[in-house]
>>> print(open('protein-v8.txt').read())   # compact mmCIF, C-alpha atoms and all ligand atoms
# COMPACT_ATOMS: atom_id res chain seq x y z
CA MET A 822 -18.43 -22.76 -51.93
CA SER A 823 -16.55 -19.55 -51.12
CA ILE A 824 -15.67 -18.87 -47.52
CA GLN A 825 -16.75 -15.41 -46.39
CA ALA A 826 -14.62 -13.43 -43.97
CA PRO A 827 -16.70 -12.06 -41.08
CA LYS A 828 -17.97 -8.54 -41.66
CA GLY A 829 -16.91 -5.69 -39.39
CA ARG A 830 -14.14 -3.15 -38.87
CA PHE A 831 -11.12 -5.10 -37.67
CA GLU A 832 -8.32 -2.81 -36.53
CA GLY A 833 -5.80 -5.11 -34.87
CA TYR A 834 -3.19 -4.41 -37.52
CA LEU A 835 -3.58 -0.68 -36.96
CA GLN A 836 -3.21 -0.90 -33.19
CA ARG A 837 -0.08 -2.96 -32.72
CA GLU A 838 2.23 -0.24 -31.58
CA VAL A 839 3.04 -0.25 -27.85
CA PRO A 840 4.43 3.12 -26.74
CA ALA A 841 6.84 3.47 -23.85
CA GLU A 842 5.62 3.53 -20.26
CA ASP A 843 5.42 6.67 -18.13
CA SER A 844 8.96 6.49 -16.81
CA LEU A 845 8.58 9.42 -14.38
CA LEU A 846 6.04 7.56 -12.26
CA THR A 847 7.00 3.95 -12.88
CA HIS A 848 10.81 3.88 -12.73
CA THR A 849 12.18 3.70 -9.21
CA GLY A 850 15.80 2.59 -9.44
CA PRO A 851 18.61 4.65 -7.84
CA GLY A 852 18.79 8.14 -9.32
CA THR A 853 15.29 8.14 -10.87
CA PRO A 854 12.94 10.93 -9.69
CA MET A 855 10.28 8.60 -8.27
CA GLY A 856 12.95 6.29 -6.86
CA GLU A 857 14.57 9.18 -5.02
CA ALA A 858 11.18 10.45 -3.79
CA MET A 859 10.39 7.00 -2.38
CA ARG A 860 13.78 6.90 -0.71
CA ARG A 861 12.80 10.01 1.27
CA HIS A 862 10.23 7.91 3.14
CA TRP A 863 10.47 4.89 5.43
CA GLN A 864 9.60 1.78 3.41
CA PRO A 865 8.72 -1.73 4.55
CA VAL A 866 11.30 -4.21 3.27
CA CYS A 867 10.31 -7.53 4.84
CA LEU A 868 8.35 -9.11 7.67
CA SER A 869 9.93 -9.32 11.12
CA SER A 870 9.05 -13.02 11.12
CA GLN A 871 11.33 -13.59 8.11
CA LEU A 872 14.35 -12.59 10.16
CA GLN A 873 15.33 -15.79 11.90
CA ASP A 874 18.80 -17.31 12.21
CA LEU A 875 19.75 -16.87 8.53
CA PRO A 876 20.16 -13.69 6.47
CA VAL A 877 17.41 -12.90 3.94
CA LYS A 878 18.22 -11.64 0.45
CA VAL A 879 15.82 -8.87 -0.54
CA ARG A 880 15.49 -6.63 -3.56
CA ILE A 881 13.92 -3.23 -2.96
CA LEU A 882 13.75 -0.26 -5.37
CA GLY A 883 16.04 -2.14 -7.74
CA GLN A 884 18.76 -2.60 -5.09
CA GLU A 885 20.25 -5.92 -3.97
CA LEU A 886 20.13 -6.05 -0.17
CA VAL A 887 20.36 -8.41 2.75
CA ALA A 888 18.11 -8.20 5.81
CA LEU A 889 18.97 -9.88 9.07
CA ARG A 890 18.41 -9.93 12.79
CA THR A 891 21.51 -9.92 14.96
CA LYS A 892 21.77 -12.44 17.79
CA ALA A 893 21.08 -9.50 20.11
CA GLY A 894 17.73 -9.03 18.33
CA GLN A 895 18.39 -5.90 16.25
CA SER A 896 17.11 -5.83 12.66
CA ALA A 897 19.52 -4.62 9.95
CA LEU A 898 19.65 -3.98 6.21
CA LEU A 899 22.92 -3.96 4.28
CA HIS A 900 24.05 -4.08 0.69
CA LEU A 901 24.04 -7.67 -0.47
CA HIS A 902 27.52 -7.80 -1.95
CA CYS A 903 30.38 -7.72 0.50
CA CYS A 904 32.55 -4.70 -0.17
CA HIS A 905 35.71 -6.82 0.04
CA ARG A 906 35.27 -8.76 -3.19
CA GLY A 907 31.55 -9.06 -3.65
CA ALA A 908 30.44 -12.37 -2.12
CA SER A 909 26.79 -12.28 -1.14
CA LEU A 910 26.08 -11.69 2.52
CA GLU A 911 23.07 -13.98 2.24
CA PHE A 912 25.71 -16.69 2.86
CA GLY A 913 27.17 -14.85 5.85
CA ARG A 914 27.15 -15.78 9.55
CA ILE A 915 25.01 -13.67 11.85
CA THR A 916 26.73 -12.45 15.02
CA ASP A 917 25.66 -10.61 18.17
CA CYS A 918 26.10 -7.26 16.47
CA GLY A 919 26.17 -7.83 12.71
CA ILE A 920 27.25 -10.31 10.06
CA VAL A 921 30.46 -12.04 8.95
CA CYS A 922 31.01 -12.60 5.25
CA CYS A 923 31.45 -16.29 4.39
CA TYR A 924 34.38 -15.75 2.02
CA HIS A 925 37.19 -14.13 4.06
CA GLY A 926 35.48 -13.43 7.35
CA TRP A 927 35.02 -9.67 7.18
CA HIS A 928 32.70 -8.69 10.00
CA TYR A 929 30.25 -5.79 9.61
CA GLY A 930 28.14 -4.02 12.22
CA ILE A 931 24.52 -3.13 11.51
CA ASP A 932 25.58 0.32 10.28
CA GLY A 933 28.12 -1.26 7.91
CA GLN A 934 31.24 -0.52 9.97
CA LEU A 935 34.03 -3.00 9.25
CA LEU A 936 34.66 -4.44 12.72
CA ASN A 937 37.20 -7.07 11.78
CA ALA A 938 39.06 -8.31 8.69
CA PRO A 939 40.83 -11.41 10.05
CA ALA A 940 42.99 -12.09 6.98
CA GLU A 941 44.43 -8.56 7.16
CA PRO A 942 47.03 -7.21 9.65
CA PRO A 943 45.45 -5.71 12.80
CA ASP A 944 46.58 -2.20 11.85
CA SER A 945 45.21 -2.44 8.30
CA PRO A 946 43.93 0.97 7.07
CA LEU A 947 41.03 -0.95 5.54
CA LEU A 948 39.48 -1.13 9.02
CA ARG A 949 39.20 2.65 9.12
CA LYS A 950 38.36 3.26 5.49
CA VAL A 951 35.94 0.55 4.46
CA ARG A 952 32.24 0.65 5.15
CA GLN A 953 29.61 -1.74 3.85
CA GLY A 954 26.49 0.06 2.60
CA ALA A 955 23.80 -0.11 5.28
CA TYR A 956 20.44 1.50 6.09
CA PRO A 957 18.64 2.23 9.37
CA THR A 958 15.68 0.01 10.22
CA ILE A 959 12.68 0.25 12.53
CA GLU A 960 10.19 -2.52 13.32
CA ARG A 961 6.52 -1.88 13.86
CA HIS A 962 3.72 -4.44 14.26
CA GLY A 963 5.78 -7.15 12.56
CA LEU A 964 6.98 -5.12 9.56
CA VAL A 965 10.62 -4.11 9.10
CA PHE A 966 10.88 -0.57 7.71
CA ALA A 967 14.08 0.89 6.29
CA TYR A 968 15.15 4.35 5.26
CA LEU A 969 17.03 4.10 1.95
CA GLY A 970 17.52 7.81 1.35
CA HIS A 971 20.34 10.29 1.96
CA PRO A 972 21.41 10.05 5.63
CA GLU A 973 21.01 13.78 6.16
CA GLN A 974 17.41 13.82 4.99
CA MET A 975 15.96 11.05 7.14
CA PRO A 976 12.45 11.98 8.34
CA ALA A 977 10.89 10.87 11.60
CA PHE A 978 9.04 7.59 11.38
CA PRO A 979 5.42 8.61 10.75
CA ASP A 980 3.17 7.63 13.59
CA TYR A 981 -0.17 7.04 11.90
CA ASP A 982 -3.18 7.13 14.22
CA THR A 983 -4.17 3.70 12.94
CA PHE A 984 -0.93 2.20 14.33
CA ASN A 985 -2.10 2.89 17.85
CA LEU A 986 -5.68 1.67 18.17
CA PRO A 987 -6.10 -0.13 21.49
CA ASP A 988 -8.82 -2.51 20.33
CA VAL A 989 -7.02 -3.62 17.14
CA GLN A 990 -4.91 -6.71 16.58
CA TYR A 991 -2.43 -6.09 13.76
CA ARG A 992 -1.30 -8.84 11.39
CA PRO A 993 1.57 -8.05 8.99
CA TYR A 994 1.53 -9.40 5.44
CA ALA A 995 3.58 -9.29 2.24
CA LEU A 996 2.15 -10.09 -1.20
CA SER A 997 4.43 -10.13 -4.24
CA HIS A 998 3.21 -9.00 -7.67
CA ASP A 999 4.84 -9.50 -11.08
CA CYS A 1000 4.29 -5.96 -12.32
CA ASN A 1001 5.16 -2.33 -11.74
CA TRP A 1002 4.25 -0.79 -8.39
CA LEU A 1003 2.02 1.96 -9.77
CA GLN A 1004 -0.69 -0.21 -11.29
CA VAL A 1005 -1.00 -2.01 -7.95
CA HIS A 1006 -1.06 1.23 -5.96
CA GLU A 1007 -3.52 3.10 -8.16
CA ASN A 1008 -6.06 0.30 -7.78
CA LEU A 1009 -6.70 1.94 -4.39
CA MET A 1010 -8.16 5.01 -6.12
CA ASP A 1011 -10.26 2.92 -8.53
CA PRO A 1012 -13.30 2.05 -6.39
CA LEU A 1013 -15.54 1.29 -9.37
CA HIS A 1014 -13.59 -1.89 -10.12
CA ALA A 1015 -15.11 -3.42 -6.98
CA VAL A 1016 -18.58 -3.33 -8.54
CA PHE A 1017 -17.37 -5.46 -11.43
CA LEU A 1018 -14.23 -7.43 -10.53
CA HIS A 1019 -15.31 -8.29 -6.98
CA SER A 1020 -19.05 -8.58 -7.48
CA ARG A 1021 -20.66 -8.86 -10.91
CA MET A 1022 -18.00 -10.64 -13.00
CA GLY A 1023 -17.79 -13.82 -10.95
CA GLU A 1024 -18.41 -14.88 -7.41
CA ILE A 1025 -19.17 -12.31 -4.72
CA GLN A 1026 -15.68 -11.78 -3.29
CA LEU A 1027 -16.56 -9.40 -0.45
CA THR A 1028 -20.26 -8.69 0.31
CA GLU A 1029 -23.24 -8.16 -1.99
CA ALA A 1030 -23.29 -4.46 -1.08
CA TRP A 1031 -20.08 -3.92 -3.09
CA GLY A 1032 -22.06 -4.75 -6.24
CA GLU A 1033 -24.25 -1.63 -5.83
CA MET A 1034 -23.06 1.15 -8.14
CA PRO A 1035 -21.93 3.98 -5.85
CA ALA A 1036 -22.05 7.73 -6.30
CA THR A 1037 -18.30 8.49 -6.28
CA ASP A 1038 -16.01 11.43 -5.87
CA TRP A 1039 -12.28 11.98 -5.38
CA PHE A 1040 -10.31 14.81 -3.85
CA GLU A 1041 -6.78 15.82 -2.91
CA HIS A 1042 -5.96 17.02 0.58
CA GLY A 1043 -2.38 17.70 1.69
CA ASP A 1044 -0.15 14.76 0.88
CA ARG A 1045 -3.11 12.50 0.20
CA VAL A 1046 -5.64 11.55 -2.47
CA CYS A 1047 -8.97 10.14 -1.30
CA TYR A 1048 -12.12 8.63 -2.66
CA LEU A 1049 -15.66 8.77 -1.34
CA THR A 1050 -18.14 6.13 -2.43
CA SER A 1051 -21.74 6.37 -1.33
CA ARG A 1052 -24.15 3.47 -1.85
CA ARG A 1053 -27.85 3.16 -1.32
CA ILE A 1054 -28.52 0.03 0.78
CA GLY A 1055 -32.31 0.06 1.36
CA GLN A 1056 -33.11 2.80 3.88
CA ASN A 1057 -29.40 3.24 4.68
CA VAL A 1058 -26.46 4.88 2.97
CA TRP A 1059 -23.00 3.31 3.18
CA ILE A 1060 -20.16 5.79 2.70
CA ARG A 1061 -16.63 4.53 2.26
CA PHE A 1062 -13.75 7.00 2.66
CA ASN A 1063 -10.33 5.67 1.57
CA GLU A 1064 -6.96 7.40 1.24
CA VAL A 1065 -3.55 7.06 -0.32
CA GLY A 1066 -0.57 9.12 0.84
CA PHE A 1067 2.53 10.20 -1.05
CA PRO A 1068 4.31 8.30 -2.33
CA ASN A 1069 3.07 4.73 -1.81
CA PHE A 1070 1.05 4.56 1.42
CA GLY A 1071 -2.61 3.56 1.41
CA GLN A 1072 -5.44 2.55 3.69
CA VAL A 1073 -8.68 0.75 3.00
CA ALA A 1074 -11.70 0.67 5.29
CA GLY A 1075 -13.19 -2.58 6.67
CA PHE A 1076 -13.91 -5.16 3.98
CA TRP A 1077 -17.10 -6.88 5.10
CA GLU A 1078 -19.54 -3.97 5.12
CA ASP A 1079 -23.11 -4.78 4.14
CA GLY A 1080 -24.68 -1.42 4.98
CA GLN A 1081 -27.29 -2.92 7.31
CA GLN A 1082 -26.22 -1.45 10.66
CA GLU A 1083 -25.65 2.23 11.32
CA LYS A 1084 -22.02 2.96 12.15
CA TYR A 1085 -19.90 6.01 12.69
CA PHE A 1086 -16.21 6.12 11.78
CA GLU A 1087 -15.48 2.41 11.65
CA ARG A 1088 -11.80 2.30 10.89
CA VAL A 1089 -9.36 0.47 8.75
CA GLY A 1090 -9.32 -3.06 7.30
CA ALA A 1091 -5.74 -2.73 6.05
CA THR A 1092 -2.86 -0.23 6.10
CA ARG A 1093 -0.45 -0.85 3.24
CA TRP A 1094 2.55 0.25 1.22
CA THR A 1095 3.20 -0.73 -2.40
CA VAL A 1096 6.96 -1.13 -2.55
CA PRO A 1097 8.86 -1.66 -5.80
CA ILE A 1098 11.14 -4.70 -5.91
CA ASP A 1099 12.27 -3.42 -9.30
CA ASP A 1100 10.33 -1.79 -12.13
CA THR A 1101 8.43 -4.95 -13.07
CA HIS A 1102 7.86 -6.48 -9.62
CA CYS A 1103 6.55 -5.13 -6.35
CA TRP A 1104 5.37 -6.03 -2.88
CA ILE A 1105 2.27 -5.01 -1.07
CA PHE A 1106 3.44 -4.85 2.52
CA GLY A 1107 0.60 -4.29 4.91
CA LEU A 1108 -1.08 -4.61 8.25
CA ARG A 1109 -4.47 -6.30 8.42
CA HIS A 1110 -6.51 -4.87 11.27
CA PHE A 1111 -8.73 -7.15 13.33
CA SER A 1112 -11.12 -5.99 16.02
CA ASP A 1113 -14.51 -7.02 17.37
CA ALA A 1114 -16.11 -4.03 15.62
CA LEU A 1115 -14.56 -4.92 12.26
CA GLU A 1116 -15.30 -8.61 12.60
CA VAL A 1117 -18.86 -8.79 13.85
CA LYS A 1118 -19.61 -11.33 11.12
CA GLY A 1119 -16.54 -13.44 11.95
CA ILE A 1120 -15.34 -13.54 8.34
CA GLY A 1121 -11.75 -12.36 8.86
CA LYS A 1122 -9.07 -14.97 9.50
CA PRO A 1123 -6.00 -13.59 11.29
CA ASP A 1124 -4.22 -16.93 10.97
CA GLN A 1125 -4.42 -16.66 7.16
CA VAL A 1126 -2.44 -13.42 7.03
CA GLY A 1127 1.35 -13.36 6.49
CA LEU A 1128 3.99 -13.97 3.83
CA GLU A 1129 2.17 -14.39 0.50
CA GLN A 1130 -1.18 -14.86 2.18
CA ILE A 1131 -4.15 -12.79 3.24
CA ASP A 1132 -7.73 -13.65 4.16
CA ILE A 1133 -9.22 -11.74 1.22
CA TYR A 1134 -9.94 -13.42 -2.08
CA GLY A 1135 -7.80 -12.79 -5.14
CA GLN A 1136 -4.86 -10.93 -3.64
CA THR A 1137 -2.10 -13.49 -4.30
CA ARG A 1138 -0.64 -15.55 -7.12
CA HIS A 1139 -1.44 -18.82 -5.39
CA ARG A 1140 -4.50 -20.00 -7.28
CA SER A 1141 -4.79 -22.18 -10.37
CA TYR A 1142 -4.80 -20.46 -13.75
CA GLU A 1143 -8.32 -21.75 -14.34
CA GLU A 1144 -9.55 -20.24 -11.08
CA MET A 1145 -7.90 -16.93 -12.00
CA GLN A 1146 -9.79 -17.00 -15.28
CA ARG A 1147 -13.15 -18.00 -13.81
CA ASN A 1148 -13.13 -15.90 -10.64
CA THR A 1149 -10.59 -13.18 -11.29
CA GLY A 1150 -9.14 -11.20 -8.40
CA ASP A 1151 -7.16 -8.00 -7.93
CA TRP A 1152 -3.81 -9.80 -8.35
CA GLU A 1153 -4.34 -10.94 -11.93
CA ALA A 1154 -6.30 -7.82 -12.96
CA GLU A 1155 -3.35 -5.68 -11.88
CA VAL A 1156 -0.50 -7.90 -13.04
CA SER A 1157 -2.14 -8.46 -16.44
CA GLN A 1158 -2.02 -4.73 -17.27
CA ARG A 1159 1.47 -5.60 -18.67
CA PRO A 1160 4.74 -5.70 -16.69
CA ILE A 1161 4.50 -1.89 -16.73
CA ALA A 1162 1.05 -0.54 -17.70
CA VAL A 1163 1.24 1.79 -20.72
CA HIS A 1164 -0.76 4.94 -19.97
CA ALA A 1165 -0.58 6.15 -23.58
CA LEU A 1166 -2.73 3.18 -24.66
CA GLU A 1167 -5.51 3.74 -22.11
CA HIS A 1168 -8.97 5.12 -22.93
CA ARG A 1169 -9.87 6.63 -19.59
CA GLY A 1170 -13.37 7.70 -18.62
CA SER A 1171 -15.12 9.48 -15.77
CA SER A 1172 -14.70 6.42 -13.54
CA ASP A 1173 -10.92 6.84 -13.88
CA ARG A 1174 -10.84 10.34 -12.40
CA GLY A 1175 -9.25 9.03 -9.22
CA VAL A 1176 -6.45 7.31 -11.11
CA MET A 1177 -5.77 10.51 -13.06
CA LEU A 1178 -5.86 12.62 -9.91
CA LEU A 1179 -3.40 10.24 -8.26
CA ARG A 1180 -0.99 10.32 -11.20
CA ARG A 1181 -0.98 14.13 -11.22
CA HIS A 1182 -0.57 14.15 -7.45
CA LEU A 1183 2.42 11.81 -7.72
CA ALA A 1184 4.08 13.88 -10.45
CA ARG A 1185 3.72 17.04 -8.36
CA GLY A 1186 4.76 15.19 -5.21
CA ILE A 1187 8.03 14.10 -6.86
CA GLU A 1188 8.94 17.72 -7.56
CA GLN A 1189 8.12 18.76 -4.01
CA ALA A 1190 9.89 15.76 -2.45
CA LEU A 1191 13.08 16.41 -4.36
CA ALA A 1192 12.97 20.12 -3.53
CA SER A 1193 12.67 19.61 0.23
CA PRO A 1194 13.03 16.78 2.74
CA ALA A 1195 9.90 14.83 3.74
CA ALA A 1196 7.92 16.61 6.45
CA VAL A 1197 8.77 15.44 9.94
CA GLU A 1198 5.34 14.72 11.31
CA GLN A 1199 5.15 12.52 14.35
CA GLN A 1200 1.40 12.15 14.78
CA VAL A 1201 -0.42 11.58 11.51
CA PRO A 1202 -4.23 11.55 11.61
CA THR A 1203 -5.74 9.38 8.90
CA TRP A 1204 -9.29 9.41 7.58
CA THR A 1205 -10.12 6.01 6.13
CA CYS A 1206 -13.46 4.77 7.43
CA ASN A 1207 -16.82 3.19 6.75
CA VAL A 1208 -19.90 5.13 7.80
CA VAL A 1209 -23.48 3.86 7.57
CA LEU A 1210 -26.31 6.31 8.21
CA ARG A 1211 -30.05 5.84 8.09
CA GLN A 1212 -31.13 8.07 5.23
CA PRO A 1213 -34.13 6.93 3.16
CA ALA A 1214 -34.28 8.13 -0.44
CA ALA A 1215 -36.32 11.30 -0.89
CA PRO A 1216 -39.27 10.70 -3.21
CA GLY A 1217 -38.83 12.49 -6.51
CA ALA A 1218 -35.29 13.65 -5.68
CA ASP A 1219 -32.07 12.64 -7.45
CA ASP A 1220 -30.73 10.00 -5.09
CA SER A 1221 -27.19 10.14 -6.44
CA GLN A 1222 -27.01 13.84 -5.47
CA LEU A 1223 -28.22 13.00 -1.98
CA LEU A 1224 -25.65 10.18 -1.70
CA LEU A 1225 -22.81 12.41 -2.81
CA GLY A 1226 -23.90 15.33 -0.63
CA LEU A 1227 -23.95 13.11 2.42
CA ALA A 1228 -20.50 11.72 1.56
CA HIS A 1229 -19.06 15.23 1.41
CA GLN A 1230 -20.64 16.17 4.73
CA ILE A 1231 -19.01 13.11 6.27
CA LYS A 1232 -15.68 14.05 4.74
CA ASP A 1233 -15.96 17.53 6.31
CA VAL A 1234 -16.76 16.14 9.76
CA VAL A 1235 -13.75 13.79 9.60
CA LEU A 1236 -11.24 16.32 8.25
CA GLN A 1237 -12.24 19.07 10.67
CA ALA A 1238 -11.06 17.01 13.67
CA ASP A 1239 -7.46 16.53 12.46
CA LYS A 1240 -5.82 18.74 15.07
CA LEU A 1241 -7.39 17.08 18.12
CA PRO A 1242 -5.65 14.45 20.27
CA PRO A 1243 -6.69 10.90 19.26
CA LEU A 1244 -9.40 10.24 21.85
CA GLN A 1245 -11.04 13.65 21.53
CA ARG A 1246 -10.78 13.42 17.79
CA ARG A 1247 -12.64 10.14 17.65
CA GLU A 1248 -15.33 11.50 20.00
CA GLN A 1249 -15.79 14.66 17.97
CA ILE A 1250 -16.03 12.74 14.69
CA GLU A 1251 -18.56 10.28 16.13
CA ARG A 1252 -20.61 13.13 17.58
CA GLY A 1253 -20.53 14.98 14.26
CA LEU A 1254 -21.61 11.89 12.33
CA ARG A 1255 -24.42 11.09 14.78
CA ASN A 1256 -25.66 14.68 14.45
CA LEU A 1257 -25.52 14.27 10.68
CA SER A 1258 -27.56 11.10 11.01
CA VAL A 1259 -30.21 12.81 13.14
CA ALA A 1260 -30.31 15.79 10.78
CA SER A 1261 -30.61 13.61 7.69
CA VAL A 1262 -33.48 11.56 9.15
CA ALA A 1263 -35.25 14.75 10.23
CA ALA A 1264 -34.81 16.18 6.74
S1 LIG B 1 34.26 -11.22 -0.25
FE1 LIG B 1 33.49 -10.87 1.72
S2 LIG B 1 35.17 -11.11 3.03
FE2 LIG B 1 35.97 -11.42 1.06
FE FE B 2 -9.96 -4.71 -5.49
>>> encode(input="protein-v8.txt", output="structure tokens")
Amino acid sequence: MSIQAPKGRFEGYLQREVPAEDSLLTHTGPGTPMGEAMRRHWQPVCLSSQLQDLPVKVRILGQELVALRTKAGQSALLHLHCCHRGASLEFGRITDCGIVCCYHGWHYGIDGQLLNAPAEPPDSPLLRKVRQGAYPTIERHGLVFAYLGHPEQMPAFPDYDTFNLPDVQYRPYALSHDCNWLQVHENLMDPLHAVFLHSRMGEIQLTEAWGEMPATDWFEHGDRVCYLTSRRIGQNVWIRFNEVGFPNFGQVAGFWEDGQQEKYFERVGATRWTVPIDDTHCWIFGLRHFSDALEVKGIGKPDQVGLEQIDIYGQTRHRSYEEMQRNTGDWEAEVSQRPIAVHALEHRGSSDRGVMLLRRHLARGIEQALASPAAVEQQVPTWTCNVVLRQPAAPGADDSQLLLGLAHQIKDVVLQADKLPPLQRREQIERGLRNLSVASVAA
């Protein structure tokens, strides 16, 4: 009996070539265009809670560093290798004002000044000449941010409106990923994946409403790229407005939305930065936001948020391989795109418009960032929100057009209030959205 090969057009042999990655957007080491652009912005480098009585070795943007908290309580970030003869400062002794290298006792201040070299004569010129590489740090809500760029181009620390919400409890977190930063970051402009990955392909990972196919649009505004998704939930419409900011900032609206209750400008579930460790590893550093308004269903778990943990399914490596296969989450979907996703092999469609917009935005942003220092903007209004309005479908009309039209009206109401002080801004946006709601019901 002859054995028949299966019929069909098998092209594996013809598709084996793997082209190079997009180095402009994915390479972030010292001297690379994207690496230098990222260094123009404050970047989270670790959690405040990691800085206890021992130094912490960290790798950020391909650089070997050591983070520490002095005995006086000041955070610091220095080059890992002691500039005497290279011993790692992770083995150093923390002092009131800096760190002493374990090998020959050189003592550095938080700005890298050599304060003492006890094996050298007191008048050694080394004390004047030598400086350990160091970077300024700022702590906010339990994240340690550092500025790794040229000292003369340091921007002000951006004060996002969502850092200052009186009713919000912030929980810092850090989630490591074994892949390039970009494929993790651009997931934020890929809202259609939620319909499949988080809803239809396995267990419901968020709420059932996420499984509804939304009308979707993307747009660029200033230094940010945004998406609008608009879902029909019975007589209501749930609009989700999310943003990413150049180069690696992002915010996502509350996670547990089910579209049942009307709401106007419900804010952020998480503020986050995707920070390269090197070109094939990255961190998501973030702040989970908890408030009564965001947690009416009591699903969020502040005590499950921190180093390598978050209270949202599928965001970390810490599940069995079988579970990852049966109920796949963001972590493995992103990491499995290869150590560095190869854009030349992709077959992108209309649902990938946001990813394409983001990549173009980043390429342009690199040019602008390298041509001029980052804008010094103290107060930064952000837009991320969930809105639910009562808006029954119109009989005979194209509902997807209605959904999209409403989403754009909401976008306009939110963006038009940017210049107002925080309290007035919130009031104006809420008023505008309520008026929209009344108008849409009347229509
Ligand atoms: S290598 Fe650090 S003091 Fe000698
Ligand atoms: Fe996701």
>>> closest_residue(input="protein-v8.txt", among="A:Phe1111, A:Phe1067, A:Tyr1134, A:Tyr1142", to="Gly1186 (chain A)", atoms="only C-alpha atoms")
A:Phe1067
>>> closest_residue(input="protein-v8.txt", among="A:Thr1037, A:Ser870, A:Gln825, A:Asn1069", to="Val1096 (chain A)", atoms="only C-alpha atoms")
A:Asn1069
>>> closest_residue(input="protein-v8.txt", among="A:Ala1114, A:Leu910, A:Leu1179, A:Val1201", to="ligand LIG 1 (chain B)", atoms="only C-alpha atoms and all ligand atoms")
A:Leu910
>>> closest_atom_pairs(input="protein-v8.txt", of="chain A", to="ligand FE 2 (chain B)", cutoff="8 Å", atoms="only C-alpha atoms and all ligand atoms", output="JSON lines")
{"residue": "A:Asn1008", "atom": "CA", "partner": "B:FE2", "partner_atom": "FE", "distance": 6.7}
{"residue": "A:Leu1009", "atom": "CA", "partner": "B:FE2", "partner_atom": "FE", "distance": 7.5}
{"residue": "A:Pro1012", "atom": "CA", "partner": "B:FE2", "partner_atom": "FE", "distance": 7.6}
{"residue": "A:His1014", "atom": "CA", "partner": "B:FE2", "partner_atom": "FE", "distance": 6.5}
{"residue": "A:Ala1015", "atom": "CA", "partner": "B:FE2", "partner_atom": "FE", "distance": 5.5}
{"residue": "A:Leu1018", "atom": "CA", "partner": "B:FE2", "partner_atom": "FE", "distance": 7.1}
{"residue": "A:His1019", "atom": "CA", "partner": "B:FE2", "partner_atom": "FE", "distance": 6.6}
{"residue": "A:Gly1150", "atom": "CA", "partner": "B:FE2", "partner_atom": "FE", "distance": 7.2}
{"residue": "A:Asp1151", "atom": "CA", "partner": "B:FE2", "partner_atom": "FE", "distance": 5.0}
>>> closest_residue(input="protein-v8.txt", among="A:Gln1245, A:Ser1258, A:Gln864, A:Asn1063", to="Trp1204 (chain A)", atoms="only C-alpha atoms")
A:Asn1063
>>> residues_near_ligand(input="protein-v8.txt", ligand="ligand LIG 1 (chain B)", cutoff="6 Å", atoms="all atoms listed in the file", output="list in words")
Cys903, His905, Arg906, Gly907, Ala908, Cys922, Tyr924, His925, Gly926 and Trp927 of chain A
>>> write_last_selection(input="protein-v8.txt", atoms="C-alpha atoms", output="short mmCIF file (atom, residue, chain, number, x, y, z; two decimals), keeping the file's coordinate frame")
data_model
loop_
_atom_site.label_atom_id
_atom_site.label_comp_id
_atom_site.auth_asym_id
_atom_site.auth_seq_id
_atom_site.Cartn_x
_atom_site.Cartn_y
_atom_site.Cartn_z
CA CYS A 903 30.38 -7.72 0.50
CA HIS A 905 35.71 -6.82 0.04
CA ARG A 906 35.27 -8.76 -3.19
CA GLY A 907 31.55 -9.06 -3.65
CA ALA A 908 30.44 -12.37 -2.12
CA CYS A 922 31.01 -12.60 5.25
CA TYR A 924 34.38 -15.75 2.02
CA HIS A 925 37.19 -14.13 4.06
CA GLY A 926 35.48 -13.43 7.35
CA TRP A 927 35.02 -9.67 7.18
#
>>> axis_aligned_box(input="protein-v8.txt", around="region 1005-1015 of chain A", padding_each_side="5 Å", output="AutoDock Vina command-line options")
--center_x -8.3 --center_y 0.8 --center_z -7.3 --size_x 24.5 --size_y 18.4 --size_z 15.7
>>> atom_distance(input="protein-v8.txt", atom1="CA of Gln1082 (chain A)", atom2="CA of Ser1221 (chain A)")
20.7 Å
>>> closest_residue(input="protein-v8.txt", among="A:Asn985, A:Gln1189, A:Asn1256, A:Gln953", to="Met855 (chain A)", atoms="only C-alpha atoms")
A:Gln1189
>>> atom_distance(input="protein-v8.txt", atom1="CA of Gly1066 (chain A)", atom2="CA of Glu1153 (chain A)")
24.1 Å
>>> residues_around(input="protein-v8.txt", residues="Ile1131 (chain A)", least_positions_apart="6", cutoff="9 Å", atoms="only C-alpha atoms", output="PyMOL selection string")
chain A and resi 994-996+1109+1122-1125+1137
>>> closest_residue(input="protein-v8.txt", among="A:Ile1098, A:Ala938, A:Val839, A:Leu1049", to="Gln1230 (chain A)", atoms="all atoms listed in the file")
A:Leu1049
>>> residues_around(input="protein-v8.txt", residues="region 911-913 of chain A", least_positions_apart="5", cutoff="9 Å", atoms="all atoms listed in the file", output="PyMOL selection string")
chain A and resi 875-878+886-889+901-902+920-924+926
>>> atom_distance(input="protein-v8.txt", atom1="CA of Ala858 (chain A)", atom2="CA of Asp1044 (chain A)")
13.0 Å
>>> residues_near_point(input="protein-v8.txt", point="(-14.2, 13.6, 16.8)", cutoff="12 Å", atoms="all atoms listed in the file", output="ChimeraX atom specification")
/A:1085-1086,1202,1204,1231,1233-1256
>>> closest_atom_pairs(input="protein-v8.txt", of="region 1035-1072 of chain A", to="region 1170-1173 of chain A", cutoff="12 Å", atoms="all atoms listed in the file", output="JSON lines")
{"residue": "A:Pro1035", "atom": "CA", "partner": "A:Ser1172", "partner_atom": "CA", "distance": 10.8}
{"residue": "A:Ala1036", "atom": "CA", "partner": "A:Ser1172", "partner_atom": "CA", "distance": 10.4}
{"residue": "A:Thr1037", "atom": "CA", "partner": "A:Ser1172", "partner_atom": "CA", "distance": 8.4}
{"residue": "A:Asp1038", "atom": "CA", "partner": "A:Ser1172", "partner_atom": "CA", "distance": 9.3}
{"residue": "A:Trp1039", "atom": "CA", "partner": "A:Asp1173", "partner_atom": "CA", "distance": 10.0}
{"residue": "A:Tyr1048", "atom": "CA", "partner": "A:Ser1172", "partner_atom": "CA", "distance": 11.4}
{"residue": "A:Thr1050", "atom": "CA", "partner": "A:Ser1172", "partner_atom": "CA", "distance": 11.6}
